[in-house]
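Here's entry_11.cif, which has mmCIF, C-alpha atoms:
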data_protein
loop_
_atom_site.group_PDB
_atom_site.id
_atom_site.type_symbol
_atom_site.label_atom_id
_atom_site.label_comp_id
_atom_site.auth_asym_id
_atom_site.auth_seq_id
_atom_site.Cartn_x
_atom_site.Cartn_y
_atom_site.Cartn_z
ATOM 1 C CA MET N 1 -12.136 -13.220 -10.983
ATOM 2 C CA ARG N 2 -12.628 -11.968 -7.413
ATOM 3 C CA TRP N 3 -11.470 -14.067 -4.445
ATOM 4 C CA SER N 4 -12.396 -13.401 -0.822
ATOM 5 C CA SER N 5 -11.747 -15.002 2.545
ATOM 6 C CA TRP N 6 -14.246 -14.797 5.367
ATOM 7 C CA SER N 7 -15.085 -15.960 8.837
ATOM 8 C CA GLU N 8 -18.380 -17.721 9.387
ATOM 9 C CA ALA N 9 -20.448 -17.441 12.572
ATOM 10 C CA ASP N 10 -18.683 -20.419 14.161
ATOM 11 C CA GLY N 11 -15.247 -18.964 13.390
ATOM 12 C CA THR N 12 -14.534 -21.235 10.432
ATOM 13 C CA VAL N 13 -12.408 -19.461 7.800
ATOM 14 C CA ARG N 14 -13.441 -20.092 4.196
ATOM 15 C CA THR N 15 -12.397 -18.867 0.770
ATOM 16 C CA GLY N 16 -14.418 -18.484 -2.392
ATOM 17 C CA ILE N 17 -15.243 -16.513 -5.513
ATOM 18 C CA TRP N 18 -17.727 -13.782 -6.328
ATOM 19 C CA GLN N 19 -20.224 -14.143 -9.165
ATOM 20 C CA GLY N 20 -21.949 -10.789 -9.309
ATOM 21 C CA GLU N 21 -23.013 -10.145 -5.700
ATOM 22 C CA ALA N 22 -23.059 -13.859 -4.829
ATOM 23 C CA LEU N 23 -20.213 -15.412 -2.844
ATOM 24 C CA HIS N 24 -19.510 -19.073 -3.648
ATOM 25 C CA PRO N 25 -17.306 -21.081 -1.227
ATOM 26 C CA VAL N 26 -14.609 -23.447 -2.421
ATOM 27 C CA PRO N 27 -15.586 -26.934 -1.163
ATOM 28 C CA GLY N 28 -13.558 -27.991 1.862
ATOM 29 C CA THR N 29 -11.323 -25.889 4.093
ATOM 30 C CA ALA N 30 -8.522 -24.806 1.746
ATOM 31 C CA SER N 31 -7.279 -21.259 2.320
ATOM 32 C CA LEU N 32 -6.456 -18.946 -0.559
ATOM 33 C CA VAL N 33 -2.732 -19.525 0.012
ATOM 34 C CA ASP N 34 -3.346 -23.284 -0.245
ATOM 35 C CA LEU N 35 -4.620 -22.687 -3.791
ATOM 36 C CA LEU N 36 -1.498 -20.821 -4.882
ATOM 37 C CA GLY N 37 2.007 -22.108 -5.617
ATOM 38 C CA ASP N 38 1.705 -23.257 -9.237
ATOM 39 C CA ASP N 39 0.924 -21.693 -12.617
ATOM 40 C CA GLY N 40 -2.643 -20.935 -11.552
ATOM 41 C CA SER N 41 -4.089 -24.379 -12.257
ATOM 42 C CA ARG N 42 -5.178 -24.994 -8.655
ATOM 43 C CA LEU N 43 -6.853 -21.594 -8.469
ATOM 44 C CA ARG N 44 -8.744 -22.176 -11.716
ATOM 45 C CA ALA N 45 -9.867 -25.663 -10.664
ATOM 46 C CA ALA N 46 -11.053 -24.382 -7.284
ATOM 47 C CA ALA N 47 -12.963 -21.569 -8.981
ATOM 48 C CA ALA N 48 -14.767 -24.074 -11.194
ATOM 49 C CA ASP N 49 -15.677 -26.179 -8.161
ATOM 50 C CA ALA N 50 -16.935 -23.136 -6.264
ATOM 51 C CA ALA N 51 -18.972 -21.771 -9.165
ATOM 52 C CA GLY N 52 -20.917 -25.013 -9.402
ATOM 53 C CA GLY N 53 -21.992 -24.922 -5.762
ATOM 54 C CA PRO N 54 -24.450 -22.882 -3.719
ATOM 55 C CA ALA N 55 -23.717 -19.337 -2.612
ATOM 56 C CA VAL N 56 -23.537 -18.094 0.966
ATOM 57 C CA ASP N 57 -25.306 -14.998 2.219
ATOM 58 C CA ALA N 58 -22.518 -12.450 1.897
ATOM 59 C CA ALA N 59 -24.209 -10.224 4.479
ATOM 60 C CA SER N 60 -23.950 -12.973 7.090
ATOM 61 C CA VAL N 61 -20.181 -13.415 6.968
ATOM 62 C CA THR N 62 -17.248 -11.291 8.106
ATOM 63 C CA LEU N 63 -14.831 -10.568 5.281
ATOM 64 C CA LEU N 64 -11.170 -10.993 6.192
ATOM 65 C CA PRO N 65 -8.125 -9.869 4.242
ATOM 66 C CA PRO N 66 -8.044 -12.124 1.142
ATOM 67 C CA VAL N 67 -4.780 -13.576 2.506
ATOM 68 C CA PRO N 68 -5.519 -13.326 6.250
ATOM 69 C CA ARG N 69 -1.931 -13.907 7.404
ATOM 70 C CA PRO N 70 0.553 -13.409 4.545
ATOM 71 C CA PRO N 71 4.072 -14.812 4.984
ATOM 72 C CA SER N 72 5.459 -11.292 4.569
ATOM 73 C CA VAL N 73 4.360 -7.795 3.607
ATOM 74 C CA ARG N 74 6.822 -5.600 1.704
ATOM 75 C CA ASP N 75 5.595 -2.082 1.093
ATOM 76 C CA PHE N 76 7.361 -0.047 -1.595
ATOM 77 C CA MET N 77 7.318 3.686 -2.370
ATOM 78 C CA ALA N 78 6.794 3.643 -6.118
ATOM 79 C CA PHE N 79 4.682 6.704 -7.001
ATOM 80 C CA GLU N 80 6.895 9.702 -7.802
ATOM 81 C CA GLU N 81 4.351 12.378 -6.871
ATOM 82 C CA HIS N 82 3.995 10.955 -3.376
ATOM 83 C CA VAL N 83 7.760 10.663 -2.912
ATOM 84 C CA VAL N 84 8.371 14.267 -3.980
ATOM 85 C CA THR N 85 5.556 15.794 -1.892
ATOM 86 C CA ALA N 86 6.019 13.615 1.192
ATOM 87 C CA SER N 87 9.753 14.316 1.197
ATOM 88 C CA ALA N 88 9.107 18.042 1.066
ATOM 89 C CA ALA N 89 6.633 17.685 3.938
ATOM 90 C CA ILE N 90 9.454 16.605 6.249
ATOM 91 C CA GLY N 91 11.997 19.072 4.872
ATOM 92 C CA LEU N 92 13.835 16.742 2.484
ATOM 93 C CA THR N 93 14.438 16.436 -1.240
ATOM 94 C CA VAL N 94 14.237 13.149 -3.136
ATOM 95 C CA ASP N 95 17.532 11.272 -3.084
ATOM 96 C CA PRO N 96 18.623 10.500 -6.690
ATOM 97 C CA LEU N 97 19.031 6.877 -5.584
ATOM 98 C CA TRP N 98 15.227 6.537 -5.606
ATOM 99 C CA TYR N 99 15.288 6.874 -9.405
ATOM 100 C CA ARG N 100 17.894 4.101 -9.717
ATOM 101 C CA GLN N 101 16.339 1.451 -7.508
ATOM 102 C CA PRO N 102 13.009 0.930 -5.733
ATOM 103 C CA VAL N 103 12.803 1.001 -1.957
ATOM 104 C CA PHE N 104 10.590 -0.837 0.519
ATOM 105 C CA TYR N 105 10.172 -1.726 4.171
ATOM 106 C CA PHE N 106 8.733 -4.815 5.860
ATOM 107 C CA THR N 107 5.521 -4.309 7.809
ATOM 108 C CA ASN N 108 3.530 -6.511 10.173
ATOM 109 C CA PRO N 109 1.531 -9.464 8.732
ATOM 110 C CA ALA N 110 -0.158 -9.948 12.124
ATOM 111 C CA ALA N 111 -1.683 -6.449 11.954
ATOM 112 C CA LEU N 112 -3.646 -7.004 8.725
ATOM 113 C CA ARG N 113 -7.354 -6.120 8.903
ATOM 114 C CA GLY N 114 -10.343 -6.740 6.669
ATOM 115 C CA ALA N 115 -11.780 -4.019 4.466
ATOM 116 C CA TYR N 116 -14.579 -3.081 6.868
ATOM 117 C CA GLU N 117 -12.900 -3.606 10.232
ATOM 118 C CA PRO N 118 -12.502 -0.677 12.635
ATOM 119 C CA VAL N 119 -8.973 0.755 12.784
ATOM 120 C CA PRO N 120 -7.617 1.941 16.147
ATOM 121 C CA VAL N 121 -5.316 4.944 16.326
ATOM 122 C CA SER N 122 -1.752 3.853 17.096
ATOM 123 C CA PRO N 123 -1.034 4.222 20.835
ATOM 124 C CA GLY N 124 0.339 7.674 21.561
ATOM 125 C CA SER N 125 -0.252 9.096 18.084
ATOM 126 C CA ALA N 126 -1.847 12.478 17.385
ATOM 127 C CA ALA N 127 -1.089 12.412 13.636
ATOM 128 C CA PHE N 128 -2.839 9.293 12.310
ATOM 129 C CA ASP N 129 -3.020 8.927 8.529
ATOM 130 C CA TYR N 130 -4.243 6.606 5.784
ATOM 131 C CA GLU N 131 -2.259 5.641 2.675
ATOM 132 C CA LEU N 132 -4.065 4.682 -0.537
ATOM 133 C CA GLU N 133 -2.255 1.786 -2.245
ATOM 134 C CA VAL N 134 -2.521 -1.375 -4.332
ATOM 135 C CA ALA N 135 -0.682 -4.591 -3.465
ATOM 136 C CA ALA N 136 0.216 -7.596 -5.596
ATOM 137 C CA VAL N 137 -0.291 -11.085 -4.146
ATOM 138 C CA ILE N 138 2.547 -13.466 -4.996
ATOM 139 C CA GLY N 139 1.242 -16.682 -6.560
ATOM 140 C CA ARG N 140 4.363 -18.825 -6.742
ATOM 141 C CA GLU N 141 7.846 -18.859 -5.346
ATOM 142 C CA GLY N 142 10.713 -17.167 -7.134
ATOM 143 C CA SER N 143 14.253 -15.954 -6.568
ATOM 144 C CA ASP N 144 16.440 -13.458 -8.442
ATOM 145 C CA LEU N 145 13.670 -12.810 -10.951
ATOM 146 C CA ASP N 146 13.851 -10.342 -13.782
ATOM 147 C CA PRO N 147 10.864 -7.991 -14.145
ATOM 148 C CA ASP N 148 9.232 -9.928 -16.995
ATOM 149 C CA GLU N 149 9.465 -13.179 -15.022
ATOM 150 C CA ALA N 150 8.233 -11.463 -11.882
ATOM 151 C CA VAL N 151 4.940 -10.397 -13.452
ATOM 152 C CA ASP N 152 4.115 -14.073 -14.063
ATOM 153 C CA HIS N 153 4.437 -14.694 -10.311
ATOM 154 C CA ILE N 154 1.459 -12.429 -9.494
ATOM 155 C CA ALA N 155 -1.739 -14.268 -8.515
ATOM 156 C CA GLY N 156 -3.786 -11.101 -8.156
ATOM 157 C CA TYR N 157 -4.099 -7.623 -6.707
ATOM 158 C CA VAL N 158 -5.768 -6.155 -3.616
ATOM 159 C CA LEU N 159 -6.604 -2.710 -2.337
ATOM 160 C CA PHE N 160 -4.145 -1.966 0.471
ATOM 161 C CA CYS N 161 -4.051 0.725 3.153
ATOM 162 C CA ASP N 162 -0.902 1.334 5.170
ATOM 163 C CA TRP N 163 -2.180 3.213 8.261
ATOM 164 C CA SER N 164 0.561 5.524 9.499
ATOM 165 C CA ALA N 165 1.266 7.357 12.752
ATOM 166 C CA ARG N 166 3.185 10.281 11.286
ATOM 167 C CA ASP N 167 4.408 11.668 14.603
ATOM 168 C CA LEU N 168 5.725 8.291 15.791
ATOM 169 C CA GLN N 169 7.240 7.639 12.367
ATOM 170 C CA GLY N 170 9.091 10.952 12.359
ATOM 171 C CA GLU N 171 10.552 10.382 15.821
ATOM 172 C CA GLU N 172 11.643 6.794 15.162
ATOM 173 C CA MET N 173 13.337 7.523 11.880
ATOM 174 C CA LYS N 174 15.644 10.063 13.516
ATOM 175 C CA LEU N 175 17.442 6.946 14.780
ATOM 176 C CA ASN N 176 18.065 5.698 11.200
ATOM 177 C CA LEU N 177 15.825 2.677 11.609
ATOM 178 C CA GLY N 178 12.107 2.093 11.394
ATOM 179 C CA PRO N 179 9.433 3.105 10.584
ATOM 180 C CA ALA N 180 8.395 0.313 13.010
ATOM 181 C CA LYS N 181 5.733 1.690 15.392
ATOM 182 C CA GLY N 182 4.956 4.453 12.952
ATOM 183 C CA LYS N 183 3.440 1.814 10.666
ATOM 184 C CA ASP N 184 2.816 -1.582 12.260
ATOM 185 C CA SER N 185 -0.385 -1.176 14.276
ATOM 186 C CA ALA N 186 -2.725 -1.789 11.310
ATOM 187 C CA SER N 187 -2.926 -2.330 7.564
ATOM 188 C CA SER N 188 -6.269 -2.850 5.801
ATOM 189 C CA CYS N 189 -6.695 -5.111 2.813
ATOM 190 C CA GLY N 190 -9.474 -6.338 0.560
ATOM 191 C CA PRO N 191 -12.329 -6.857 0.214
ATOM 192 C CA TRP N 192 -11.152 -9.273 -2.462
ATOM 193 C CA MET N 193 -8.193 -10.303 -4.587
ATOM 194 C CA LEU N 194 -8.725 -9.624 -8.287
ATOM 195 C CA THR N 195 -6.898 -11.770 -10.827
ATOM 196 C CA PRO N 196 -4.441 -9.813 -13.021
ATOM 197 C CA ASP N 197 -6.451 -10.185 -16.229
ATOM 198 C CA GLU N 198 -9.266 -8.069 -14.764
ATOM 199 C CA LEU N 199 -7.381 -5.152 -13.191
ATOM 200 C CA PRO N 200 -7.609 -1.990 -15.341
ATOM 201 C CA ALA N 201 -4.125 -0.666 -16.116
ATOM 202 C CA THR N 202 -5.426 2.876 -15.572
ATOM 203 C CA ALA N 203 -7.476 2.032 -12.480
ATOM 204 C CA ALA N 204 -8.732 5.143 -10.706
ATOM 205 C CA MET N 205 -7.810 5.421 -7.021
ATOM 206 C CA SER N 206 -9.708 7.653 -4.598
ATOM 207 C CA ALA N 207 -10.269 8.363 -0.914
ATOM 208 C CA THR N 208 -12.824 10.214 1.174
ATOM 209 C CA VAL N 209 -12.874 11.106 4.872
ATOM 210 C CA ASN N 210 -16.337 11.470 6.402
ATOM 211 C CA GLY N 211 -17.703 11.669 2.867
ATOM 212 C CA THR N 212 -15.445 14.564 1.821
ATOM 213 C CA PRO N 213 -13.241 13.850 -1.226
ATOM 214 C CA TYR N 214 -9.553 13.761 -0.287
ATOM 215 C CA SER N 215 -7.388 11.720 -2.675
ATOM 216 C CA ALA N 216 -7.517 11.007 -6.403
ATOM 217 C CA GLY N 217 -4.955 9.275 -8.601
ATOM 218 C CA ARG N 218 -4.371 6.470 -11.070
ATOM 219 C CA LEU N 219 -2.486 3.211 -10.909
ATOM 220 C CA ASP N 220 -0.620 3.875 -14.155
ATOM 221 C CA ALA N 221 1.214 6.769 -12.473
ATOM 222 C CA LEU N 222 3.618 4.213 -10.952
ATOM 223 C CA TYR N 223 7.269 5.046 -11.594
ATOM 224 C CA TRP N 224 8.375 1.501 -10.646
ATOM 225 C CA SER N 225 6.243 -1.330 -12.089
ATOM 226 C CA PHE N 226 5.086 -4.305 -10.048
ATOM 227 C CA GLY N 227 7.403 -6.487 -12.129
ATOM 228 C CA GLU N 228 10.348 -4.290 -11.146
ATOM 229 C CA MET N 229 9.305 -4.160 -7.498
ATOM 230 C CA ILE N 230 8.905 -7.942 -7.251
ATOM 231 C CA ALA N 231 12.191 -8.534 -9.072
ATOM 232 C CA TYR N 232 13.948 -6.300 -6.558
ATOM 233 C CA ALA N 233 12.178 -7.975 -3.630
ATOM 234 C CA SER N 234 13.342 -11.395 -4.876
ATOM 235 C CA ARG N 235 16.987 -10.366 -5.280
ATOM 236 C CA GLY N 236 19.182 -12.633 -3.178
ATOM 237 C CA THR N 237 16.158 -14.188 -1.451
ATOM 238 C CA ARG N 238 12.679 -15.551 -2.205
ATOM 239 C CA VAL N 239 9.172 -14.318 -2.691
ATOM 240 C CA VAL N 240 6.662 -17.010 -1.720
ATOM 241 C CA PRO N 241 2.944 -17.647 -2.265
ATOM 242 C CA GLY N 242 0.793 -15.216 -0.328
ATOM 243 C CA ASP N 243 3.441 -12.499 0.091
ATOM 244 C CA LEU N 244 2.056 -8.987 -0.385
ATOM 245 C CA ILE N 245 3.996 -6.418 -2.420
ATOM 246 C CA GLY N 246 2.580 -2.937 -1.788
ATOM 247 C CA SER N 247 2.879 -0.125 -4.318
ATOM 248 C CA GLY N 248 3.240 2.632 -1.771
ATOM 249 C CA THR N 249 0.976 5.656 -1.754
ATOM 250 C CA VAL N 250 -0.477 7.134 -4.921
ATOM 251 C CA GLY N 251 0.055 10.865 -5.414
ATOM 252 C CA THR N 252 -2.291 12.848 -3.082
ATOM 253 C CA GLY N 253 -3.056 9.534 -1.387
ATOM 254 C CA CYS N 254 -2.471 10.531 2.237
ATOM 255 C CA ILE N 255 -3.115 13.407 4.631
ATOM 256 C CA LEU N 256 0.614 14.093 4.988
ATOM 257 C CA GLU N 257 0.705 15.220 1.354
ATOM 258 C CA LEU N 258 -2.611 17.021 1.357
ATOM 259 C CA SER N 259 -1.901 19.026 4.493
ATOM 260 C CA ARG N 260 1.524 19.978 3.118
ATOM 261 C CA VAL N 261 -0.025 21.414 -0.039
ATOM 262 C CA HIS N 262 -3.341 22.783 1.244
ATOM 263 C CA GLY N 263 -2.788 23.318 4.963
ATOM 264 C CA ALA N 264 -3.423 21.322 8.125
ATOM 265 C CA ASP N 265 -6.719 23.124 8.791
ATOM 266 C CA ALA N 266 -8.131 21.881 5.495
ATOM 267 C CA TYR N 267 -6.814 18.337 5.954
ATOM 268 C CA PRO N 268 -6.472 17.455 9.656
ATOM 269 C CA TYR N 269 -5.164 14.078 10.762
ATOM 270 C CA LEU N 270 -7.612 11.318 11.658
ATOM 271 C CA THR N 271 -9.263 11.017 15.054
ATOM 272 C CA PRO N 272 -11.724 8.520 16.586
ATOM 273 C CA GLY N 273 -15.139 8.895 14.984
ATOM 274 C CA ASP N 274 -13.795 9.579 11.487
ATOM 275 C CA ARG N 275 -14.630 7.225 8.637
ATOM 276 C CA VAL N 276 -12.214 6.595 5.766
ATOM 277 C CA ARG N 277 -13.298 5.114 2.444
ATOM 278 C CA LEU N 278 -10.673 4.099 -0.107
ATOM 279 C CA GLU N 279 -11.602 2.829 -3.586
ATOM 280 C CA VAL N 280 -9.743 1.419 -6.583
ATOM 281 C CA ASP N 281 -11.439 0.410 -9.846
ATOM 282 C CA GLY N 282 -11.920 -3.354 -9.832
ATOM 283 C CA LEU N 283 -10.612 -3.815 -6.290
ATOM 284 C CA GLY N 284 -13.630 -2.601 -4.349
ATOM 285 C CA ALA N 285 -13.389 -0.426 -1.249
ATOM 286 C CA VAL N 286 -11.912 -0.266 2.214
ATOM 287 C CA ASP N 287 -14.533 1.452 4.372
ATOM 288 C CA ALA N 288 -13.170 1.737 7.900
ATOM 289 C CA PRO N 289 -14.234 3.609 11.032
ATOM 290 C CA ILE N 290 -11.398 5.075 13.099
ATOM 291 C CA VAL N 291 -11.607 4.209 16.792
ATOM 292 C CA ALA N 292 -9.606 5.038 19.899
ATOM 293 C CA GLY N 293 -6.419 3.051 20.341
ATOM 294 C CA ALA N 294 -4.933 1.509 23.439
ATOM 295 C CA PRO N 295 -3.133 3.731 25.934
ATOM 296 C CA VAL N 296 0.651 3.795 25.869
ATOM 297 C CA VAL N 297 2.140 1.272 28.282
ATOM 298 C CA PRO N 298 5.336 2.754 29.825
ATOM 299 C CA LEU N 299 8.523 0.784 29.184
ATOM 300 C CA ARG N 300 10.142 1.799 32.444
ATOM 301 C CA LYS N 301 8.722 2.883 35.761
ATOM 302 C CA GLU N 302 9.653 6.359 36.864
ATOM 303 C CA THR N 303 11.823 6.429 39.954
ATOM 304 C CA ALA N 304 11.939 9.101 42.590
ATOM 305 C CA ARG N 305 14.935 11.424 42.507
#
Would you write out, as structure tokens, the structure that this file holds?
Amino acid sequence: MRWSSWSEADGTVRTGIWQGEALHPVPGTASLVDLLGDDGSRLRAAAADAAGGPAVDAASVTLLPPVPRPPSVRDFMAFEEHVVTASAAIGLTVDPLWYRQPVFYFTNPAALRGAYEPVPVSPGSAAFDYELEVAAVIGREGSDLDPDEAVDHIAGYVLFCDWSARDLQGEEMKLNLGPAKGKDSASSCGPWMLTPDELPATAAMSATVNGTPYSAGRLDALYWSFGEMIAYASRGTRVVPGDLIGSGTVGTGCILELSRVHGADAYPYLTPGDRVRLEVDGLGAVDAPIVAGAPVVPLRKETAR
């Protein structure tokens, strides 16, 4: 089952299900997060109510991220090929610790964008990149879960893109913190959340830039499973309904990797006017134009010497 959230012409935010190409709203004003929090009963009941009602013209609405403002976004780094190649790209080898425990960072829930929204280049960046990922949507709260329990806390999956300013990221992380401004200007998500029973285990993942094939991988190449990632995320704390748990980038799934292997001339970083299309079997596509970002606002005024 595919769930989307959208904004109508008057700004009202709705949620509903897809039946073929038809989008059926859930009666009332409940958000997708409002339908989570239990064993899935509320989601199933809402789907039945929506299916029995009229459809909206999908072309007349603006699709939002399925969870427009998640409580938190944790993004892992769980594909080995990406870790190995991306590490080499910045002159490092993979720390053996990565094979003993997963790793993630928190990114910005307020920066989430719909699947077709324009994406501005991060202010000051000349090395703007996409990252082809899948994220799990947490369906009910849990703490200190084991991996088998954690899988039962997944309400669905979404296509996720962690847009990255590689030059800003590299500078920030010299200070042993971050990636902060290297990552938090935009993440794209959607166009829908797919329930776990419908996601192919071997889902193909691909990306093009301006129609040219760039990335190709498969979801089953994960070294750390979503159950393991969520269990780790819940250790000593909580995961709550609507949280996003990103997989990290699939192997070949970003320009950083591709330019390392094939050269920067063959795979230049993104600039305004480019168009990036990311696809995952069952999860639809992010199809985003890249636009100019805001200018850098100085933090301190220069003083005469």
Practice task
Quick one: apply the PyMOL selection byres ((chain N and resi 136) around 7) to the file and drop the selected residues here as a VMD selection string.
Solution key: chain N and resid 134 to 135 137 to 138 154 156 to 158 244 to 246
For the residues in the current selection, export C-alpha atoms as a PDB file, in the coordinates of the input.
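Now in result_5.pdb:
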ATOM      1  CA  VAL N 134      -2.521  -1.375  -4.332  1.00  0.00           C
ATOM      2  CA  ALA N 135      -0.682  -4.591  -3.465  1.00  0.00           C
ATOM      3  CA  VAL N 137      -0.291 -11.085  -4.146  1.00  0.00           C
ATOM      4  CA  ILE N 138       2.547 -13.466  -4.996  1.00  0.00           C
ATOM      5  CA  ILE N 154       1.459 -12.429  -9.494  1.00  0.00           C
ATOM      6  CA  GLY N 156      -3.786 -11.101  -8.156  1.00  0.00           C
ATOM      7  CA  TYR N 157      -4.099  -7.623  -6.707  1.00  0.00           C
ATOM      8  CA  VAL N 158      -5.768  -6.155  -3.616  1.00  0.00           C
ATOM      9  CA  LEU N 244       2.056  -8.987  -0.385  1.00  0.00           C
ATOM     10  CA  ILE N 245       3.996  -6.418  -2.420  1.00  0.00           C
ATOM     11  CA  GLY N 246       2.580  -2.937  -1.788  1.00  0.00           C
TER      12      GLY N 246
END
Completion exercise
As a check of understanding: the span from atom CA of Val61 of chain N to atom CA of Pro241 of chain N is 25.3 Å
Exercise for the section: Could you check how far atom CA of Ala204 of chain N sits from atom CA of Gly253 of chain N, in Å to one decimal? Expected result: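 Going from atom CA of Ala204 of chain N over to atom CA of Gly253 of chain N covers 11.8 Å.
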Exercise for the section: Carefully work through the PyMOL selection byres ((chain N and resi 283) around 7) for this structure and note down the residues it includes, as a PyMOL selection string. Expected result: chain N and resi 158-159+192+194+280-282+284-285
Problem - Closest of N:Phe79, N:Trp6, N:Tyr99, N:Phe104 to Val250 of chain N - atom-to-atom distances counting only C-alpha atoms - result: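 Smallest distance to Val250 of chain N is found for N:Phe79.
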Exercise for the section: Have a look at atom CA of Thr107 of chain N and atom CA of Ser187 of chain N and let me know their distance in Å, one decimal. Expected result: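 Atom-to-atom, atom CA of Thr107 of chain N to atom CA of Ser187 of chain N, that is 8.7 Å.
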